[in-house]
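A.B. asks: Contents of query_20.pdb (PDB, C-alpha atoms, pLDDT in the B column):
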ATOM      1  CA  MET A 212     209.826 146.381 131.624  1.00 54.00           C
ATOM      2  CA  SER A 213     208.318 144.774 134.734  1.00 75.00           C
ATOM      3  CA  ASP A 214     204.879 145.486 133.220  1.00 92.00           C
ATOM      4  CA  THR A 215     205.928 143.524 130.178  1.00 95.00           C
ATOM      5  CA  ARG A 216     207.080 140.664 132.398  1.00 95.00           C
ATOM      6  CA  THR A 217     203.734 140.659 134.212  1.00 96.00           C
ATOM      7  CA  ARG A 218     201.912 140.593 130.879  1.00 96.00           C
ATOM      8  CA  ILE A 219     204.067 137.687 129.678  1.00 97.00           C
ATOM      9  CA  GLU A 220     203.413 135.702 132.841  1.00 96.00           C
ATOM     10  CA  GLU A 221     199.668 136.290 132.511  1.00 96.00           C
ATOM     11  CA  ILE A 222     199.678 135.161 128.888  1.00 97.00           C
ATOM     12  CA  LEU A 223     201.701 132.061 129.813  1.00 97.00           C
ATOM     13  CA  LYS A 224     199.250 131.214 132.594  1.00 95.00           C
ATOM     14  CA  SER A 225     196.272 131.475 130.260  1.00 95.00           C
ATOM     15  CA  HIS A 226     197.104 128.441 128.069  1.00 94.00           C
ATOM     16  CA  LYS A 227     198.688 125.074 128.754  1.00 95.00           C
ATOM     17  CA  VAL A 228     200.266 124.715 125.324  1.00 97.00           C
ATOM     18  CA  LEU A 229     201.115 128.046 123.786  1.00 98.00           C
ATOM     19  CA  LEU A 230     203.101 128.791 120.660  1.00 98.00           C
ATOM     20  CA  PHE A 231     204.496 132.293 120.185  1.00 98.00           C
ATOM     21  CA  MET A 232     204.933 132.588 116.443  1.00 98.00           C
ATOM     22  CA  LYS A 233     205.118 134.863 113.434  1.00 96.00           C
ATOM     23  CA  GLY A 234     201.599 134.969 112.035  1.00 97.00           C
ATOM     24  CA  THR A 235     198.733 132.686 112.997  1.00 97.00           C
ATOM     25  CA  ARG A 236     198.148 128.956 112.754  1.00 95.00           C
ATOM     26  CA  GLN A 237     196.011 129.538 109.648  1.00 95.00           C
ATOM     27  CA  PHE A 238     198.478 131.994 108.135  1.00 95.00           C
ATOM     28  CA  PRO A 239     201.997 131.397 109.439  1.00 95.00           C
ATOM     29  CA  ALA A 240     204.306 134.209 108.308  1.00 95.00           C
ATOM     30  CA  CYS A 241     207.498 132.204 108.628  1.00 91.00           C
ATOM     31  CA  GLY A 242     208.557 128.707 107.629  1.00 92.00           C
ATOM     32  CA  PHE A 243     209.940 127.887 111.073  1.00 93.00           C
ATOM     33  CA  SER A 244     206.712 128.920 112.790  1.00 96.00           C
ATOM     34  CA  ASN A 245     204.774 126.837 110.286  1.00 97.00           C
ATOM     35  CA  THR A 246     206.981 123.803 110.989  1.00 97.00           C
ATOM     36  CA  VAL A 247     206.105 123.873 114.676  1.00 98.00           C
ATOM     37  CA  VAL A 248     202.389 124.373 113.941  1.00 98.00           C
ATOM     38  CA  GLN A 249     202.460 121.280 111.704  1.00 98.00           C
ATOM     39  CA  ILE A 250     204.282 119.239 114.381  1.00 98.00           C
ATOM     40  CA  LEU A 251     201.747 120.227 117.048  1.00 97.00           C
ATOM     41  CA  LYS A 252     198.909 119.264 114.704  1.00 97.00           C
ATOM     42  CA  LYS A 253     200.591 115.925 113.985  1.00 97.00           C
ATOM     43  CA  GLU A 254     200.944 115.343 117.726  1.00 96.00           C
ATOM     44  CA  GLY A 255     197.220 115.959 118.028  1.00 95.00           C
ATOM     45  CA  ALA A 256     197.892 118.602 120.652  1.00 94.00           C
ATOM     46  CA  SER A 257     195.374 121.208 121.653  1.00 95.00           C
ATOM     47  CA  PHE A 258     197.272 124.482 121.470  1.00 96.00           C
ATOM     48  CA  GLU A 259     196.909 128.230 121.262  1.00 97.00           C
ATOM     49  CA  THR A 260     199.041 130.572 119.184  1.00 98.00           C
ATOM     50  CA  PHE A 261     200.154 134.130 119.865  1.00 98.00           C
ATOM     51  CA  ASN A 262     201.120 136.316 116.907  1.00 98.00           C
ATOM     52  CA  ILE A 263     204.188 138.252 118.034  1.00 97.00           C
ATOM     53  CA  LEU A 264     204.167 140.310 114.817  1.00 97.00           C
ATOM     54  CA  ALA A 265     201.024 142.014 116.138  1.00 97.00           C
ATOM     55  CA  ASP A 266     202.556 142.840 119.541  1.00 97.00           C
ATOM     56  CA  PRO A 267     206.007 144.522 119.503  1.00 96.00           C
ATOM     57  CA  GLU A 268     206.136 144.706 123.326  1.00 96.00           C
ATOM     58  CA  ILE A 269     205.764 140.948 123.747  1.00 97.00           C
ATOM     59  CA  ARG A 270     207.930 140.294 120.702  1.00 96.00           C
ATOM     60  CA  GLN A 271     210.922 141.955 122.400  1.00 94.00           C
ATOM     61  CA  GLY A 272     209.950 141.193 126.004  1.00 96.00           C
ATOM     62  CA  LEU A 273     209.661 137.440 125.562  1.00 96.00           C
ATOM     63  CA  LYS A 274     213.145 137.294 124.030  1.00 94.00           C
ATOM     64  CA  ASP A 275     214.516 138.803 127.228  1.00 92.00           C
ATOM     65  CA  TYR A 276     212.273 136.632 129.407  1.00 93.00           C
ATOM     66  CA  SER A 277     213.497 133.374 127.877  1.00 94.00           C
ATOM     67  CA  SER A 278     217.032 134.427 126.858  1.00 91.00           C
ATOM     68  CA  TRP A 279     216.019 133.207 123.433  1.00 94.00           C
ATOM     69  CA  PRO A 280     216.486 135.556 120.448  1.00 92.00           C
ATOM     70  CA  THR A 281     214.246 133.940 117.833  1.00 92.00           C
ATOM     71  CA  TYR A 282     210.685 132.805 117.101  1.00 94.00           C
ATOM     72  CA  PRO A 283     208.809 130.470 117.245  1.00 96.00           C
ATOM     73  CA  GLN A 284     208.925 129.681 120.984  1.00 97.00           C
ATOM     74  CA  LEU A 285     206.839 126.857 122.454  1.00 98.00           C
ATOM     75  CA  TYR A 286     205.652 126.898 126.071  1.00 97.00           C
ATOM     76  CA  VAL A 287     203.946 124.106 127.987  1.00 96.00           C
ATOM     77  CA  ASP A 288     202.519 124.864 131.428  1.00 95.00           C
ATOM     78  CA  GLY A 289     204.336 128.203 131.322  1.00 95.00           C
ATOM     79  CA  LYS A 290     207.688 126.516 130.799  1.00 94.00           C
ATOM     80  CA  PHE A 291     209.818 127.191 127.731  1.00 96.00           C
ATOM     81  CA  VAL A 292     210.187 123.962 125.714  1.00 96.00           C
ATOM     82  CA  GLY A 293     212.218 125.219 122.775  1.00 96.00           C
ATOM     83  CA  GLY A 294     212.343 126.782 119.352  1.00 95.00           C
ATOM     84  CA  CYS A 295     211.912 125.138 115.959  1.00 95.00           C
ATOM     85  CA  ASP A 296     215.082 123.012 116.068  1.00 93.00           C
ATOM     86  CA  ILE A 297     214.520 121.649 119.570  1.00 95.00           C
ATOM     87  CA  VAL A 298     210.812 120.971 119.050  1.00 97.00           C
ATOM     88  CA  THR A 299     211.623 119.171 115.782  1.00 96.00           C
ATOM     89  CA  GLU A 300     214.314 117.070 117.494  1.00 94.00           C
ATOM     90  CA  MET A 301     211.965 116.210 120.364  1.00 95.00           C
ATOM     91  CA  HIS A 302     209.200 115.289 117.925  1.00 97.00           C
ATOM     92  CA  GLN A 303     211.517 113.006 115.944  1.00 96.00           C
ATOM     93  CA  ALA A 304     212.874 111.418 119.127  1.00 95.00           C
ATOM     94  CA  GLY A 305     209.338 110.767 120.374  1.00 95.00           C
ATOM     95  CA  GLU A 306     209.908 112.949 123.444  1.00 95.00           C
ATOM     96  CA  LEU A 307     207.441 115.697 122.589  1.00 96.00           C
ATOM     97  CA  SER A 308     204.236 113.725 123.085  1.00 94.00           C
ATOM     98  CA  ALA A 309     205.111 113.036 126.733  1.00 93.00           C
ATOM     99  CA  VAL A 310     205.666 116.745 127.347  1.00 94.00           C
ATOM    100  CA  LEU A 311     202.390 117.619 125.590  1.00 94.00           C
ATOM    101  CA  SER A 312     200.289 114.865 127.128  1.00 86.00           C
ATOM    102  CA  GLY A 313     201.592 115.779 130.589  1.00 78.00           C
ATOM    103  CA  ALA A 314     200.069 119.168 129.937  1.00 64.00           C
ATOM    104  CA  THR A 315     196.696 117.974 128.706  1.00 56.00           C
ATOM    105  CA  ALA A 316     196.317 115.308 131.407  1.00 52.00           C
ATOM    106  CA  SER A 317     196.795 117.674 134.338  1.00 45.00           C
TER     107      SER A 317
ATOM    108  CA  MET B  17     222.039 144.389 104.913  1.00 48.00           C
ATOM    109  CA  PRO B  18     224.005 141.519 106.361  1.00 49.00           C
ATOM    110  CA  SER B  19     227.747 141.764 106.099  1.00 53.00           C
ATOM    111  CA  VAL B  20     229.301 139.524 103.486  1.00 57.00           C
ATOM    112  CA  ASP B  21     231.385 138.070 106.280  1.00 85.00           C
ATOM    113  CA  THR B  22     228.600 137.013 108.641  1.00 89.00           C
ATOM    114  CA  VAL B  23     229.401 133.337 108.137  1.00 92.00           C
ATOM    115  CA  HIS B  24     233.050 133.877 109.006  1.00 93.00           C
ATOM    116  CA  GLU B  25     232.140 136.054 111.968  1.00 93.00           C
ATOM    117  CA  VAL B  26     229.787 133.410 113.340  1.00 95.00           C
ATOM    118  CA  GLN B  27     232.358 130.684 112.744  1.00 95.00           C
ATOM    119  CA  ALA B  28     235.031 132.721 114.571  1.00 95.00           C
ATOM    120  CA  LEU B  29     232.796 133.586 117.543  1.00 95.00           C
ATOM    121  CA  LEU B  30     231.615 130.010 117.995  1.00 96.00           C
ATOM    122  CA  GLN B  31     235.111 128.650 117.626  1.00 95.00           C
ATOM    123  CA  ALA B  32     236.395 131.069 120.261  1.00 95.00           C
ATOM    124  CA  ALA B  33     233.587 130.138 122.648  1.00 95.00           C
ATOM    125  CA  PHE B  34     233.348 126.375 122.186  1.00 95.00           C
ATOM    126  CA  ALA B  35     236.261 124.923 120.234  1.00 90.00           C
ATOM    127  CA  GLY B  36     238.927 125.248 122.911  1.00 86.00           C
ATOM    128  CA  ALA B  37     238.433 121.709 124.201  1.00 83.00           C
ATOM    129  CA  PRO B  38     239.535 118.472 122.544  1.00 87.00           C
ATOM    130  CA  GLY B  39     236.917 116.854 120.327  1.00 88.00           C
ATOM    131  CA  ALA B  40     235.151 120.155 119.691  1.00 94.00           C
ATOM    132  CA  HIS B  41     233.870 120.963 116.247  1.00 94.00           C
ATOM    133  CA  VAL B  42     232.170 124.030 114.743  1.00 96.00           C
ATOM    134  CA  GLU B  43     230.634 124.069 111.284  1.00 96.00           C
ATOM    135  CA  VAL B  44     228.719 127.062 109.890  1.00 95.00           C
ATOM    136  CA  THR B  45     226.910 126.945 106.554  1.00 94.00           C
ATOM    137  CA  ASP B  46     225.111 129.655 104.595  1.00 92.00           C
ATOM    138  CA  LEU B  47     221.849 127.947 103.641  1.00 89.00           C
ATOM    139  CA  THR B  48     220.595 130.479 101.126  1.00 87.00           C
ATOM    140  CA  GLY B  49     223.694 132.265  99.858  1.00 87.00           C
ATOM    141  CA  THR B  50     222.381 135.484 101.389  1.00 86.00           C
ATOM    142  CA  GLN B  51     224.390 135.410 104.649  1.00 85.00           C
ATOM    143  CA  ASP B  52     221.307 135.676 106.871  1.00 85.00           C
ATOM    144  CA  HIS B  53     219.926 132.116 106.941  1.00 87.00           C
ATOM    145  CA  LEU B  54     222.637 130.086 108.566  1.00 91.00           C
ATOM    146  CA  GLN B  55     223.100 126.601 109.871  1.00 94.00           C
ATOM    147  CA  ALA B  56     225.505 125.859 112.696  1.00 96.00           C
ATOM    148  CA  ILE B  57     226.614 122.532 114.083  1.00 96.00           C
ATOM    149  CA  VAL B  58     228.491 122.886 117.345  1.00 97.00           C
ATOM    150  CA  VAL B  59     230.031 119.919 119.122  1.00 97.00           C
ATOM    151  CA  SER B  60     231.727 120.794 122.398  1.00 96.00           C
ATOM    152  CA  PRO B  61     232.464 119.129 125.737  1.00 95.00           C
ATOM    153  CA  LEU B  62     231.240 122.398 127.294  1.00 95.00           C
ATOM    154  CA  PHE B  63     227.687 121.173 126.549  1.00 96.00           C
ATOM    155  CA  ALA B  64     228.026 118.073 128.722  1.00 95.00           C
ATOM    156  CA  GLY B  65     225.266 117.847 131.299  1.00 96.00           C
ATOM    157  CA  LYS B  66     223.319 120.772 129.791  1.00 96.00           C
ATOM    158  CA  THR B  67     219.787 120.570 128.394  1.00 94.00           C
ATOM    159  CA  ARG B  68     219.227 121.397 124.710  1.00 93.00           C
ATOM    160  CA  ILE B  69     217.736 124.734 125.718  1.00 94.00           C
ATOM    161  CA  GLU B  70     220.800 125.581 127.815  1.00 95.00           C
ATOM    162  CA  GLN B  71     223.119 124.512 124.976  1.00 96.00           C
ATOM    163  CA  HIS B  72     221.317 126.728 122.471  1.00 95.00           C
ATOM    164  CA  GLN B  73     221.216 129.623 124.953  1.00 95.00           C
ATOM    165  CA  MET B  74     225.011 129.317 125.291  1.00 96.00           C
ATOM    166  CA  VAL B  75     225.350 129.590 121.510  1.00 96.00           C
ATOM    167  CA  TYR B  76     223.015 132.604 121.325  1.00 94.00           C
ATOM    168  CA  ALA B  77     224.921 134.287 124.158  1.00 94.00           C
ATOM    169  CA  ALA B  78     228.195 133.773 122.277  1.00 95.00           C
ATOM    170  CA  LEU B  79     226.724 135.372 119.147  1.00 94.00           C
ATOM    171  CA  GLY B  80     225.322 138.366 121.041  1.00 90.00           C
ATOM    172  CA  ASP B  81     224.268 141.237 118.773  1.00 88.00           C
ATOM    173  CA  LEU B  82     224.506 139.170 115.606  1.00 89.00           C
ATOM    174  CA  MET B  83     221.256 137.459 116.617  1.00 88.00           C
ATOM    175  CA  ARG B  84     219.564 140.851 117.000  1.00 83.00           C
ATOM    176  CA  GLY B  85     220.017 141.940 113.425  1.00 82.00           C
ATOM    177  CA  PRO B  86     222.155 140.366 110.743  1.00 82.00           C
ATOM    178  CA  ILE B  87     221.012 136.785 111.288  1.00 86.00           C
ATOM    179  CA  HIS B  88     217.399 136.143 110.415  1.00 82.00           C
ATOM    180  CA  ALA B  89     217.509 132.415 111.044  1.00 84.00           C
ATOM    181  CA  LEU B  90     219.997 130.043 112.575  1.00 90.00           C
ATOM    182  CA  ALA B  91     219.293 126.327 112.334  1.00 91.00           C
ATOM    183  CA  LEU B  92     221.191 124.996 115.305  1.00 93.00           C
ATOM    184  CA  THR B  93     222.422 121.544 116.237  1.00 94.00           C
ATOM    185  CA  THR B  94     224.427 121.177 119.448  1.00 95.00           C
ATOM    186  CA  ARG B  95     226.012 118.079 120.982  1.00 94.00           C
ATOM    187  CA  ALA B  96     228.480 117.392 123.765  1.00 94.00           C
ATOM    188  CA  SER B  97     230.340 114.759 121.738  1.00 89.00           C
TER     189      SER B  97
END
Now that the file is in, can you turn its structure into structure tokens?
C.D. replies:
Amino acid sequence: MSDTRTRIEEILKSHKVLLFMKGTRQFPACGFSNTVVQILKKEGASFETFNILADPEIRQGLKDYSSWPTYPQLYVDGKFVGGCDIVTEMHQAGELSAVLSGATAS
Amino acid sequence: MPSVDTVHEVQALLQAAFAGAPGAHVEVTDLTGTQDHLQAIVVSPLFAGKTRIEQHQMVYAALGDLMRGPIHALALTTRAS
């Protein structure tokens, strides 16, 4: 379990804007994951994706790490930003670009 | 297979957790008719002062094991008022 946590923290440290999703950005395997990919593209954000379907350990471990039971999950600077609903709300409210640009500027 | 009563179960759990206060409102809809893609709108004074993430985490905590199996997707809207 603590190994999983260490792995998660290393993955989070490796990318400023990181989307844990079902599938990949080219081939999203879930409509909600695809929604967030499209929003990040619209925001012009540079981001990495992690396919949790290919990694059962992270798939379960990250749920415990974030107290969040579903995917996708968006992280900026290692901090959990939200799932599909929250990211969509932030995008529509114009709040997401500040969070994303804070990440790319630093 | 999801239980045919997942919607009612979710409605009951959320009502028990959040609808005790005045002005609270819980509305659960089955988006696909298959009992596993649900939408929930939860308005509760208990959310006051909480971030969206904290509000959604409170909802997930109230649903417990339902989120680990029967519910594939839950479109969630939470507000304090």
A.B. asks: Could you tell me how far atom CA of Lys224 of chain A lies from atom CA of Ser278 of chain A, in Å and to one decimal?
C.D. replies: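 Calculated distance between atom CA of Lys224 of chain A and atom CA of Ser278 of chain A is 19.0 Å.
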A.B. asks: Return as a PyMOL selection string the set of residues that the ChimeraX specification (/A :<8) & /B yields on the displayed structure.
C.D. replies: chain B and resi 68-69+73+76+83-84+89+91-93
A.B. asks: Residues near segment 19-31 of chain B, anyone? I mean within 8 Å using all atoms listed in the file, not counting same-chain ones fewer than 3 positions away, as number ranges by chain.
C.D. replies: B: 34-36, 41-46, 51-52, 54, 58, 75, 78-79, 86
A.B. asks: For this file, the PyMOL selection byres ((chain A and resi 226-240) around 8) selects which residues, as an NGL selection string?
C.D. replies: :A and (222-225 or 241-242 or 244-245 or 248 or 257-264 or 282-289 or 311 or 314-315)
A.B. asks: If the PyMOL selection byres ((chain A and resi 254) around 10) is run on the structure shown, which residues does it catch, given as a list of chain:residue names?
C.D. replies: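 Listing what the PyMOL selection byres ((chain A and resi 254) around 10) selects in the shown file: A:Val248, A:Gln249, A:Ile250, A:Leu251, A:Lys252, A:Lys253, A:Gly255, A:Ala256, A:Ser257, A:His302, A:Gly305, A:Leu307, A:Ser308, A:Leu311, A:Ser312.
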A.B. asks: In Å to one decimal, how far is atom CA of Leu90 of chain B from atom CA of Gln71 of chain B?
C.D. replies: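 These two atoms are separated by 13.9 Å.
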A.B. asks: Please give the centre and size of the box around segment 282-300 of chain A (axis-aligned, containing every atom listed in the file, 8 Å added per side), with values in Å to one decimal and written as AutoDock Vina command-line options.
C.D. replies:
--center_x 208.8 --center_y 124.9 --center_z 123.6 --size_x 28.6 --size_y 31.7 --size_z 31.6
A.B. asks: Have a look at B:Thr48, B:Thr67, B:Pro61, B:Ala33 and name the one nearest to Ile87 of chain B; count all atoms listed in the file.
C.D. replies: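 Smallest distance to Ile87 of chain B is found for B:Thr48.
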A.B. asks: Quick one: distance from atom CA of Glu268 of chain A to atom CA of Val247 of chain A in Å, one decimal?
C.D. replies: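 These two atoms are separated by 22.6 Å.
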A.B. asks: Just write segment 55-89 of chain B with N, CA and C atoms, as a JSON list (two decimals), in the first residue's frame, taken from the block above.
C.D. replies:
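Okay, this is what ended up in part00.json:
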[["chain", "number", "residue", "atom", "x", "y", "z"],
["B", 55, "GLN", "N", -27.67, 10.78, -12.14],
["B", 55, "GLN", "CA", -27.38, 12.19, -11.94],
["B", 55, "GLN", "C", -27.93, 12.56, -10.57],
["B", 56, "ALA", "N", -27.15, 13.29, -9.79],
["B", 56, "ALA", "CA", -27.65, 13.73, -8.49],
["B", 56, "ALA", "C", -27.42, 15.23, -8.32],
["B", 57, "ILE", "N", -28.45, 15.91, -7.90],
["B", 57, "ILE", "CA", -28.32, 17.32, -7.52],
["B", 57, "ILE", "C", -28.56, 17.38, -6.02],
["B", 58, "VAL", "N", -27.58, 17.88, -5.30],
["B", 58, "VAL", "CA", -27.70, 17.95, -3.85],
["B", 58, "VAL", "C", -27.48, 19.39, -3.40],
["B", 59, "VAL", "N", -28.49, 19.96, -2.80],
["B", 59, "VAL", "CA", -28.39, 21.30, -2.23],
["B", 59, "VAL", "C", -28.50, 21.15, -0.72],
["B", 60, "SER", "N", -27.48, 21.61, 0.00],
["B", 60, "SER", "CA", -27.52, 21.45, 1.46],
["B", 60, "SER", "C", -26.66, 22.49, 2.14],
["B", 61, "PRO", "N", -27.18, 23.08, 3.21],
["B", 61, "PRO", "CA", -26.38, 24.04, 4.00],
["B", 61, "PRO", "C", -25.09, 23.41, 4.54],
["B", 62, "LEU", "N", -25.06, 22.07, 4.61],
["B", 62, "LEU", "CA", -23.84, 21.40, 5.10],
["B", 62, "LEU", "C", -22.65, 21.69, 4.19],
["B", 63, "PHE", "N", -22.90, 22.10, 2.94],
["B", 63, "PHE", "CA", -21.81, 22.37, 2.00],
["B", 63, "PHE", "C", -21.21, 23.76, 2.16],
["B", 64, "ALA", "N", -21.84, 24.60, 2.97],
["B", 64, "ALA", "CA", -21.37, 25.98, 3.10],
["B", 64, "ALA", "C", -19.90, 26.02, 3.51],
["B", 65, "GLY", "N", -19.13, 26.82, 2.82],
["B", 65, "GLY", "CA", -17.72, 26.99, 3.17],
["B", 65, "GLY", "C", -16.81, 25.87, 2.68],
["B", 66, "LYS", "N", -17.39, 24.87, 2.00],
["B", 66, "LYS", "CA", -16.57, 23.76, 1.48],
["B", 66, "LYS", "C", -16.23, 24.00, 0.01],
["B", 67, "THR", "N", -15.08, 23.51, -0.42],
["B", 67, "THR", "CA", -14.75, 23.56, -1.85],
["B", 67, "THR", "C", -15.60, 22.52, -2.59],
["B", 68, "ARG", "N", -15.64, 22.64, -3.94],
["B", 68, "ARG", "CA", -16.40, 21.66, -4.72],
["B", 68, "ARG", "C", -15.88, 20.25, -4.48],
["B", 69, "ILE", "N", -14.54, 20.13, -4.42],
["B", 69, "ILE", "CA", -13.98, 18.80, -4.18],
["B", 69, "ILE", "C", -14.47, 18.24, -2.85],
["B", 70, "GLU", "N", -14.43, 19.07, -1.81],
["B", 70, "GLU", "CA", -14.88, 18.60, -0.49],
["B", 70, "GLU", "C", -16.36, 18.23, -0.51],
["B", 71, "GLN", "N", -17.16, 19.04, -1.23],
["B", 71, "GLN", "CA", -18.60, 18.74, -1.33],
["B", 71, "GLN", "C", -18.84, 17.39, -2.00],
["B", 72, "HIS", "N", -18.12, 17.16, -3.10],
["B", 72, "HIS", "CA", -18.31, 15.89, -3.81],
["B", 72, "HIS", "C", -17.78, 14.72, -2.98],
["B", 73, "GLN", "N", -16.67, 14.94, -2.25],
["B", 73, "GLN", "CA", -16.14, 13.88, -1.40],
["B", 73, "GLN", "C", -17.15, 13.51, -0.31],
["B", 74, "MET", "N", -17.87, 14.51, 0.20],
["B", 74, "MET", "CA", -18.91, 14.24, 1.21],
["B", 74, "MET", "C", -20.02, 13.37, 0.63],
["B", 75, "VAL", "N", -20.38, 13.64, -0.63],
["B", 75, "VAL", "CA", -21.42, 12.84, -1.28],
["B", 75, "VAL", "C", -20.93, 11.40, -1.49],
["B", 76, "TYR", "N", -19.69, 11.27, -2.00],
["B", 76, "TYR", "CA", -19.14, 9.93, -2.23],
["B", 76, "TYR", "C", -19.04, 9.14, -0.93],
["B", 77, "ALA", "N", -18.65, 9.84, 0.15],
["B", 77, "ALA", "CA", -18.54, 9.17, 1.45],
["B", 77, "ALA", "C", -19.92, 8.66, 1.89],
["B", 78, "ALA", "N", -20.95, 9.47, 1.65],
["B", 78, "ALA", "CA", -22.30, 9.06, 2.06],
["B", 78, "ALA", "C", -22.78, 7.85, 1.26],
["B", 79, "LEU", "N", -22.32, 7.72, 0.03],
["B", 79, "LEU", "CA", -22.76, 6.60, -0.82],
["B", 79, "LEU", "C", -21.96, 5.34, -0.59],
["B", 80, "GLY", "N", -20.75, 5.49, -0.04],
["B", 80, "GLY", "CA", -19.94, 4.33, 0.35],
["B", 80, "GLY", "C", -19.79, 3.28, -0.74],
["B", 81, "ASP", "N", -20.18, 2.05, -0.44],
["B", 81, "ASP", "CA", -19.94, 0.92, -1.33],
["B", 81, "ASP", "C", -20.68, 1.02, -2.67],
["B", 82, "LEU", "N", -21.73, 1.80, -2.70],
["B", 82, "LEU", "CA", -22.46, 1.93, -3.97],
["B", 82, "LEU", "C", -21.55, 2.44, -5.08],
["B", 83, "MET", "N", -20.60, 3.33, -4.71],
["B", 83, "MET", "CA", -19.69, 3.89, -5.70],
["B", 83, "MET", "C", -18.67, 2.86, -6.16],
["B", 84, "ARG", "N", -18.51, 1.78, -5.40],
["B", 84, "ARG", "CA", -17.49, 0.79, -5.74],
["B", 84, "ARG", "C", -18.04, -0.33, -6.60],
["B", 85, "GLY", "N", -19.28, -0.25, -7.00],
["B", 85, "GLY", "CA", -19.80, -1.34, -7.82],
["B", 85, "GLY", "C", -20.98, -0.92, -8.67],
["B", 86, "PRO", "N", -22.14, -0.83, -8.01],
["B", 86, "PRO", "CA", -23.38, -0.66, -8.77],
["B", 86, "PRO", "C", -23.42, 0.60, -9.63],
["B", 87, "ILE", "N", -22.80, 1.68, -9.17],
["B", 87, "ILE", "CA", -22.89, 2.93, -9.92],
["B", 87, "ILE", "C", -21.66, 3.07, -10.82],
["B", 88, "HIS", "N", -21.89, 3.09, -12.11],
["B", 88, "HIS", "CA", -20.77, 3.30, -13.02],
["B", 88, "HIS", "C", -20.44, 4.78, -13.14],
["B", 89, "ALA", "N", -21.46, 5.61, -13.17],
["B", 89, "ALA", "CA", -21.22, 7.04, -13.34],
["B", 89, "ALA", "C", -22.25, 7.83, -12.56]]
